[in-house]
$ cat data-v6.txt   # compact mmCIF, C-alpha atoms and all ligand atoms
# COMPACT_ATOMS: atom_id res chain seq x y z
CA MET A 1 -120.77 23.63 139.79
CA SER A 2 -121.85 26.98 138.42
CA SER A 3 -121.68 26.23 134.68
CA LEU A 4 -123.94 28.24 132.42
CA ARG A 5 -125.16 24.88 131.08
CA ASP A 6 -126.71 24.06 134.46
CA PRO A 7 -130.50 24.90 134.25
CA LYS A 8 -130.65 26.04 137.91
CA ASN A 9 -128.37 28.98 137.06
CA ARG A 10 -130.42 30.32 134.18
CA HIS A 11 -132.41 33.00 136.05
CA ASP A 12 -129.58 34.25 138.20
CA VAL A 13 -128.34 37.83 137.65
CA PHE A 14 -124.70 36.69 137.64
CA PHE A 15 -125.58 33.99 135.11
CA ARG A 16 -127.01 36.52 132.67
CA LYS A 17 -124.15 38.94 133.22
CA ALA A 18 -121.60 36.17 132.58
CA ARG A 19 -123.38 34.94 129.46
CA ASP A 20 -123.61 38.47 128.03
CA ALA A 21 -119.92 39.12 128.73
CA GLY A 22 -118.83 35.83 127.10
CA TYR A 23 -117.73 34.06 130.29
CA VAL A 24 -118.41 30.33 130.56
CA ALA A 25 -119.50 30.44 134.24
CA ARG A 26 -120.93 32.88 136.76
CA SER A 27 -118.07 32.02 139.16
CA VAL A 28 -115.99 34.60 137.31
CA TYR A 29 -117.69 37.32 139.36
CA LYS A 30 -116.39 35.85 142.61
CA LEU A 31 -112.85 36.09 141.26
CA GLU A 32 -113.46 39.56 139.84
CA GLU A 33 -114.75 40.84 143.20
CA ILE A 34 -111.81 39.38 145.11
CA ASP A 35 -109.39 40.75 142.52
CA ARG A 36 -110.96 44.22 142.81
CA LYS A 37 -110.27 44.11 146.58
CA LEU A 38 -106.82 42.54 146.48
CA SER A 39 -105.30 43.21 143.01
CA LEU A 40 -104.16 39.63 142.55
CA PHE A 41 -102.96 39.90 138.93
CA ARG A 42 -100.38 41.84 136.92
CA PRO A 43 -99.41 41.59 133.25
CA GLY A 44 -96.82 38.92 132.50
CA GLN A 45 -97.62 36.69 135.49
CA ARG A 46 -97.71 32.89 135.48
CA VAL A 47 -101.03 31.65 136.87
CA LEU A 48 -101.98 28.14 137.98
CA ASP A 49 -105.73 27.41 138.24
CA LEU A 50 -106.59 24.24 140.20
CA GLY A 51 -110.07 22.89 139.37
CA CYS A 52 -110.39 25.09 136.28
CA ARG A 53 -113.47 23.63 134.51
CA PRO A 54 -115.44 25.06 132.72
CA GLY A 55 -112.88 27.87 132.54
CA SER A 56 -114.26 31.28 133.55
CA TRP A 57 -111.41 31.91 136.00
CA MET A 58 -108.94 31.05 133.24
CA GLN A 59 -110.71 33.45 130.88
CA TYR A 60 -110.44 36.20 133.50
CA ALA A 61 -106.80 35.44 134.38
CA ARG A 62 -105.88 35.31 130.70
CA GLN A 63 -107.18 38.85 130.20
CA LYS A 64 -105.42 40.14 133.32
CA VAL A 65 -101.95 38.69 132.63
CA GLY A 66 -102.03 39.53 128.91
CA ALA A 67 -100.09 37.99 126.05
CA SER A 68 -96.80 37.92 128.01
CA GLY A 69 -98.39 35.90 130.83
CA VAL A 70 -99.05 32.16 131.12
CA VAL A 71 -102.23 30.48 132.39
CA VAL A 72 -102.13 26.77 133.24
CA GLY A 73 -105.24 24.94 134.48
CA ILE A 74 -105.95 21.46 135.74
CA ASP A 75 -109.27 19.65 136.18
CA ARG A 76 -110.17 16.00 136.58
CA LEU A 77 -113.02 16.46 134.04
CA PRO A 78 -112.58 17.46 130.39
CA MET A 79 -113.28 21.09 129.46
CA PRO A 80 -116.55 21.73 127.58
CA ALA A 81 -114.58 23.99 125.21
CA PRO A 82 -110.97 25.17 125.04
CA VAL A 83 -110.09 28.54 126.62
CA ALA A 84 -107.97 30.46 124.12
CA GLY A 85 -104.38 31.08 125.13
CA THR A 86 -104.33 28.69 128.11
CA ARG A 87 -102.82 25.25 128.81
CA VAL A 88 -105.07 22.63 130.39
CA ILE A 89 -104.16 19.34 132.04
CA ILE A 90 -107.01 16.83 132.43
CA ALA A 91 -106.09 14.84 135.55
CA ASP A 92 -106.84 14.48 139.23
CA LEU A 93 -104.64 16.99 141.03
CA LEU A 94 -104.08 14.48 143.84
CA GLN A 95 -102.38 12.16 141.32
CA THR A 96 -100.40 14.87 139.50
CA PRO A 97 -96.78 15.65 140.35
CA ASP A 98 -95.59 19.28 140.62
CA ALA A 99 -93.36 18.82 137.56
CA ALA A 100 -96.39 18.06 135.37
CA LEU A 101 -97.95 21.39 136.39
CA LEU A 102 -94.76 23.38 135.80
CA VAL A 103 -93.82 21.85 132.42
CA ASP A 104 -91.26 24.46 131.20
CA LEU A 105 -91.86 27.01 134.00
CA THR A 106 -89.78 27.40 137.15
CA ALA A 107 -92.59 28.76 139.37
CA PHE A 108 -96.00 30.46 139.39
CA ASP A 109 -96.85 34.00 140.53
CA VAL A 110 -100.48 33.24 141.39
CA VAL A 111 -102.10 29.93 142.41
CA LEU A 112 -105.92 29.76 142.37
CA SER A 113 -108.12 26.94 143.61
CA ASP A 114 -111.88 26.86 143.12
CA MET A 115 -111.85 23.06 143.61
CA ALA A 116 -115.03 21.64 145.09
CA PRO A 117 -115.56 18.08 146.30
CA ASP A 118 -118.42 15.77 145.33
CA THR A 119 -120.88 16.64 148.09
CA THR A 120 -122.84 14.17 150.22
CA GLY A 121 -125.20 16.61 151.97
CA ILE A 122 -123.58 15.64 155.29
CA ARG A 123 -122.09 18.92 156.38
CA ALA A 124 -119.12 17.60 158.36
CA THR A 125 -118.13 15.20 155.56
CA ASP A 126 -118.40 17.87 152.87
CA GLN A 127 -116.39 20.32 154.98
CA ALA A 128 -113.66 17.75 155.58
CA ARG A 129 -113.45 16.95 151.85
CA SER A 130 -113.33 20.63 150.96
CA ALA A 131 -110.61 21.22 153.58
CA ASN A 132 -108.56 18.35 152.09
CA LEU A 133 -108.74 19.92 148.63
CA PHE A 134 -107.85 23.34 150.05
CA GLU A 135 -104.88 21.88 151.91
CA GLU A 136 -103.69 20.18 148.72
CA ALA A 137 -103.97 23.49 146.85
CA LEU A 138 -102.16 25.39 149.61
CA GLY A 139 -99.38 22.78 149.60
CA ARG A 140 -98.93 23.30 145.85
CA ALA A 141 -98.82 27.07 146.39
CA GLU A 142 -96.18 26.68 149.13
CA ARG A 143 -94.01 24.59 146.80
CA LEU A 144 -94.63 26.31 143.46
CA LEU A 145 -95.07 30.04 144.20
CA ALA A 146 -92.31 32.53 143.47
CA PRO A 147 -91.44 34.99 146.28
CA THR A 148 -94.18 37.68 146.73
CA GLY A 149 -96.71 35.44 144.90
CA GLY A 150 -100.42 35.19 145.67
CA PHE A 151 -102.81 32.36 146.54
CA LEU A 152 -106.60 32.17 146.52
CA GLY A 153 -108.47 29.04 147.59
CA LYS A 154 -112.06 27.98 148.22
CA ILE A 155 -113.05 26.15 151.39
CA PHE A 156 -116.38 25.26 153.01
CA GLN A 157 -116.85 26.97 156.37
CA GLY A 158 -115.92 24.81 159.35
CA PRO A 159 -113.30 24.33 162.06
CA ASP A 160 -110.45 23.83 159.53
CA VAL A 161 -110.78 27.37 158.19
CA GLN A 162 -109.05 29.02 161.16
CA VAL A 163 -106.30 26.37 161.25
CA LEU A 164 -105.56 26.85 157.55
CA ARG A 165 -105.78 30.62 157.87
CA LYS A 166 -103.09 30.49 160.57
CA ARG A 167 -100.92 28.27 158.35
CA MET A 168 -101.26 30.87 155.58
CA GLN A 169 -100.39 33.72 157.95
CA ALA A 170 -97.00 32.08 158.50
CA ARG A 171 -96.19 32.20 154.75
CA PHE A 172 -98.06 35.26 153.38
CA SER A 173 -97.74 38.86 154.55
CA ASP A 174 -101.46 39.64 153.97
CA VAL A 175 -104.19 36.99 154.50
CA ARG A 176 -107.93 37.65 154.13
CA LEU A 177 -111.12 35.61 154.51
CA ILE A 178 -113.70 36.63 151.91
CA LYS A 179 -117.32 35.68 151.14
CA PRO A 180 -117.91 37.27 147.73
CA ALA A 181 -121.36 38.59 146.73
CA GLY A 182 -121.35 36.23 143.74
CA SER A 183 -121.23 33.25 146.11
CA ARG A 184 -124.72 31.84 146.63
CA SER A 185 -126.13 32.73 150.08
CA GLU A 186 -127.05 29.08 150.74
CA SER A 187 -123.47 27.97 150.03
CA THR A 188 -121.04 27.58 152.94
CA GLU A 189 -118.08 28.37 150.70
CA VAL A 190 -115.62 31.12 151.60
CA TYR A 191 -112.26 32.06 150.09
CA LEU A 192 -108.92 32.49 151.80
CA ALA A 193 -106.56 34.79 149.94
CA GLY A 194 -102.88 35.40 150.65
CA LYS A 195 -100.52 37.94 149.12
CA GLY A 196 -96.79 38.47 149.60
CA PHE A 197 -95.63 34.84 149.76
CA HIS A 198 -92.33 34.28 151.55
CA PRO A 199 -90.86 30.83 150.91
C1 LIG B 1 -116.54 25.11 140.95
S1 LIG B 1 -115.70 24.25 139.68
C2 LIG B 1 -114.53 25.44 139.13
C3 LIG B 1 -115.10 26.57 138.32
C4 LIG B 1 -114.04 27.44 137.68
N1 LIG B 1 -113.34 28.25 138.70
C5 LIG B 1 -114.61 28.40 136.66
O1 LIG B 1 -114.72 29.58 136.97
O2 LIG B 1 -114.93 27.96 135.55
C6 LIG B 1 -114.70 23.13 140.60
C7 LIG B 1 -113.90 22.15 139.76
O3 LIG B 1 -112.96 21.48 140.61
C8 LIG B 1 -112.69 20.24 140.00
N2 LIG B 1 -111.99 19.34 140.93
C9 LIG B 1 -112.43 18.90 142.13
N3 LIG B 1 -111.53 18.05 142.68
C10 LIG B 1 -110.49 17.97 141.80
C11 LIG B 1 -109.26 17.26 141.79
N4 LIG B 1 -108.91 16.43 142.82
N5 LIG B 1 -108.42 17.39 140.75
C12 LIG B 1 -108.77 18.21 139.71
N6 LIG B 1 -109.93 18.91 139.66
C13 LIG B 1 -110.78 18.80 140.69
C14 LIG B 1 -114.07 19.73 139.57
O4 LIG B 1 -113.96 18.76 138.56
C15 LIG B 1 -114.72 21.04 139.09
O5 LIG B 1 -114.67 21.16 137.69
$ encode --input "data-v6.txt" --output "C-alpha cells"
Amino acid sequence: MSSLRDPKNRHDVFFRKARDAGYVARSVYKLEEIDRKLSLFRPGQRVLDLGCRPGSWMQYARQKVGASGVVVGIDRLPMPAPVAGTRVIIADLLQTPDAALLVDLTAFDVVLSDMAPDTTGIRATDQARSANLFEEALGRAERLLAPTGGFLGKIFQGPDVQVLRKRMQARFSDVRLIKPAGSRSESTEVYLAGKGFHP
C-alpha cells in the first residue's frame, strides 16, 4: 500500500510530489504515466476503479472525465477520507455482484484495477493471489465494458502474466505490458493495459 500515511513513503520523491499536488497516494504517478502513454481517459466517461483506497486513482480519473463523467470505486477497506465527486462501495469485490457496481449505469468506459493481495513473502503464493485478483478484474471488464472501452490492471510478474496477456489480446485491439517509473524497483508489479475492447 502506497498511502501517504505510511512512514516508509515519506522520503520518496513521488510521495512529496503527490503530497504537494494534493493526491492521497503516490500511486497516482503510475496511472498518470500510463495515461500519458495510452490516453486512457476522455471527458464524460464512466470509470470503475477496483481496489480504490485511499483514492489517488479516483482523484486523477475524476479530473480527467470531468463533471459529465462518473467515477465508481470499490475497496474492501473504508476510505480514509471521501474523494469529492465519486461513488465508493466498501465491500470485497469477490462478493459483489456486477449489478451493485453498475447501480444506475449500463456499462463502464474504463475499468481500472490496482488491487493487491495480502502478501506472504512467498513469491509463488503472492503471484498466484495477485493473478487471481487480476483475473477477477479482467472478468469484470469483459462483462461491464462498453465497446471500445479500456482496461488497466496490476499483476505481480510470473507465469500467469503471458496467459492473461493472451486472453486480453483476444478482446482488446491494443494490449501493452508496462512497468511504470513510479513503481518501486523492488516490487514485482507490472500493469497490463488494453484499449479498444470488442465484446
Ligand atoms: C495499492 S491499493 C490501491 C491504491 C489506489 N489505486 C490509489 O491510488 O489510491 C490496493 C487496494 O486493493 C484493495 N483490495 C485488495 N483486494 C480486494 C478485494 N478483493 N476487494 C476489494 N478491494 C480489494 C486493498 O484493500 C487496497 O486498498
$ residues_around --input "data-v6.txt" --residues "region 81-93 of chain A" --least-positions-apart "6" --cutoff "12 Å" --atoms "only C-alpha atoms" --output "mmCIF file with C-alpha atoms, in the coordinates of the input"
data_model
loop_
_atom_site.group_PDB
_atom_site.id
_atom_site.type_symbol
_atom_site.label_atom_id
_atom_site.label_comp_id
_atom_site.auth_asym_id
_atom_site.auth_seq_id
_atom_site.Cartn_x
_atom_site.Cartn_y
_atom_site.Cartn_z
ATOM 1 C CA GLY A 22 -118.830 35.830 127.100
ATOM 2 C CA TYR A 23 -117.730 34.060 130.290
ATOM 3 C CA VAL A 24 -118.410 30.330 130.560
ATOM 4 C CA ARG A 46 -97.710 32.890 135.480
ATOM 5 C CA VAL A 47 -101.030 31.650 136.870
ATOM 6 C CA LEU A 48 -101.980 28.140 137.980
ATOM 7 C CA ASP A 49 -105.730 27.410 138.240
ATOM 8 C CA LEU A 50 -106.590 24.240 140.200
ATOM 9 C CA GLY A 51 -110.070 22.890 139.370
ATOM 10 C CA CYS A 52 -110.390 25.090 136.280
ATOM 11 C CA ARG A 53 -113.470 23.630 134.510
ATOM 12 C CA PRO A 54 -115.440 25.060 132.720
ATOM 13 C CA GLY A 55 -112.880 27.870 132.540
ATOM 14 C CA SER A 56 -114.260 31.280 133.550
ATOM 15 C CA TRP A 57 -111.410 31.910 136.000
ATOM 16 C CA MET A 58 -108.940 31.050 133.240
ATOM 17 C CA GLN A 59 -110.710 33.450 130.880
ATOM 18 C CA TYR A 60 -110.440 36.200 133.500
ATOM 19 C CA ALA A 61 -106.800 35.440 134.380
ATOM 20 C CA ARG A 62 -105.880 35.310 130.700
ATOM 21 C CA GLN A 63 -107.180 38.850 130.200
ATOM 22 C CA VAL A 65 -101.950 38.690 132.630
ATOM 23 C CA GLY A 66 -102.030 39.530 128.910
ATOM 24 C CA ALA A 67 -100.090 37.990 126.050
ATOM 25 C CA SER A 68 -96.800 37.920 128.010
ATOM 26 C CA GLY A 69 -98.390 35.900 130.830
ATOM 27 C CA VAL A 70 -99.050 32.160 131.120
ATOM 28 C CA VAL A 71 -102.230 30.480 132.390
ATOM 29 C CA VAL A 72 -102.130 26.770 133.240
ATOM 30 C CA GLY A 73 -105.240 24.940 134.480
ATOM 31 C CA ILE A 74 -105.950 21.460 135.740
ATOM 32 C CA ASP A 75 -109.270 19.650 136.180
ATOM 33 C CA ALA A 99 -93.360 18.820 137.560
ATOM 34 C CA ALA A 100 -96.390 18.060 135.370
ATOM 35 C CA LEU A 101 -97.950 21.390 136.390
ATOM 36 C CA LEU A 102 -94.760 23.380 135.800
ATOM 37 C CA VAL A 103 -93.820 21.850 132.420
ATOM 38 C CA ASP A 104 -91.260 24.460 131.200
ATOM 39 C CA SER A 113 -108.120 26.940 143.610
ATOM 40 C CA MET A 115 -111.850 23.060 143.610
ATOM 41 C CA PRO A 117 -115.560 18.080 146.300
ATOM 42 C CA ASN A 132 -108.560 18.350 152.090
ATOM 43 C CA LEU A 133 -108.740 19.920 148.630
ATOM 44 C CA PHE A 134 -107.850 23.340 150.050
ATOM 45 C CA GLU A 135 -104.880 21.880 151.910
ATOM 46 C CA GLU A 136 -103.690 20.180 148.720
ATOM 47 C CA ALA A 137 -103.970 23.490 146.850
ATOM 48 C CA GLY A 139 -99.380 22.780 149.600
ATOM 49 C CA ARG A 140 -98.930 23.300 145.850
#
$ residues_near_point --input "data-v6.txt" --point "(-124.1, 38.3, 134.9)" --cutoff "12 Å" --atoms "all atoms listed in the file" --output "JSON, numbers by chain"
{"A": [4, 9, 10, 11, 12, 13, 14, 15, 16, 17, 18, 19, 20, 21, 22, 23, 24, 25, 26, 27, 28, 29, 30, 32, 182]}
$ closest_residue --input "data-v6.txt" --among "A:Gln45, A:Gln127, A:Gln169, A:Gln157" --to "Leu145 (chain A)" --atoms "only C-alpha atoms"
A:Gln45
$ atom_distance --input "data-v6.txt" --atom1 "CA of Arg129 (chain A)" --atom2 "CA of Gln162 (chain A)"
15.9 Å
$ atom_distance --input "data-v6.txt" --atom1 "CA of Ser185 (chain A)" --atom2 "atom C1 of ligand LIG 1 (chain B)"
15.3 Å
$ closest_residue --input "data-v6.txt" --among "A:Arg167, A:Lys154, A:Arg76, A:Arg123" --to "ligand LIG 1 (chain B)" --atoms "only C-alpha atoms and all ligand atoms"
A:Arg76
$ atom_distance --input "data-v6.txt" --atom1 "atom C7 of ligand LIG 1 (chain B)" --atom2 "CA of Thr119 (chain A)"
12.2 Å
$ closest_residue --input "data-v6.txt" --among "A:Asp126, A:Glu142, A:Asp118, A:Asp174" --to "Asp160 (chain A)" --atoms "only C-alpha atoms"
A:Asp126
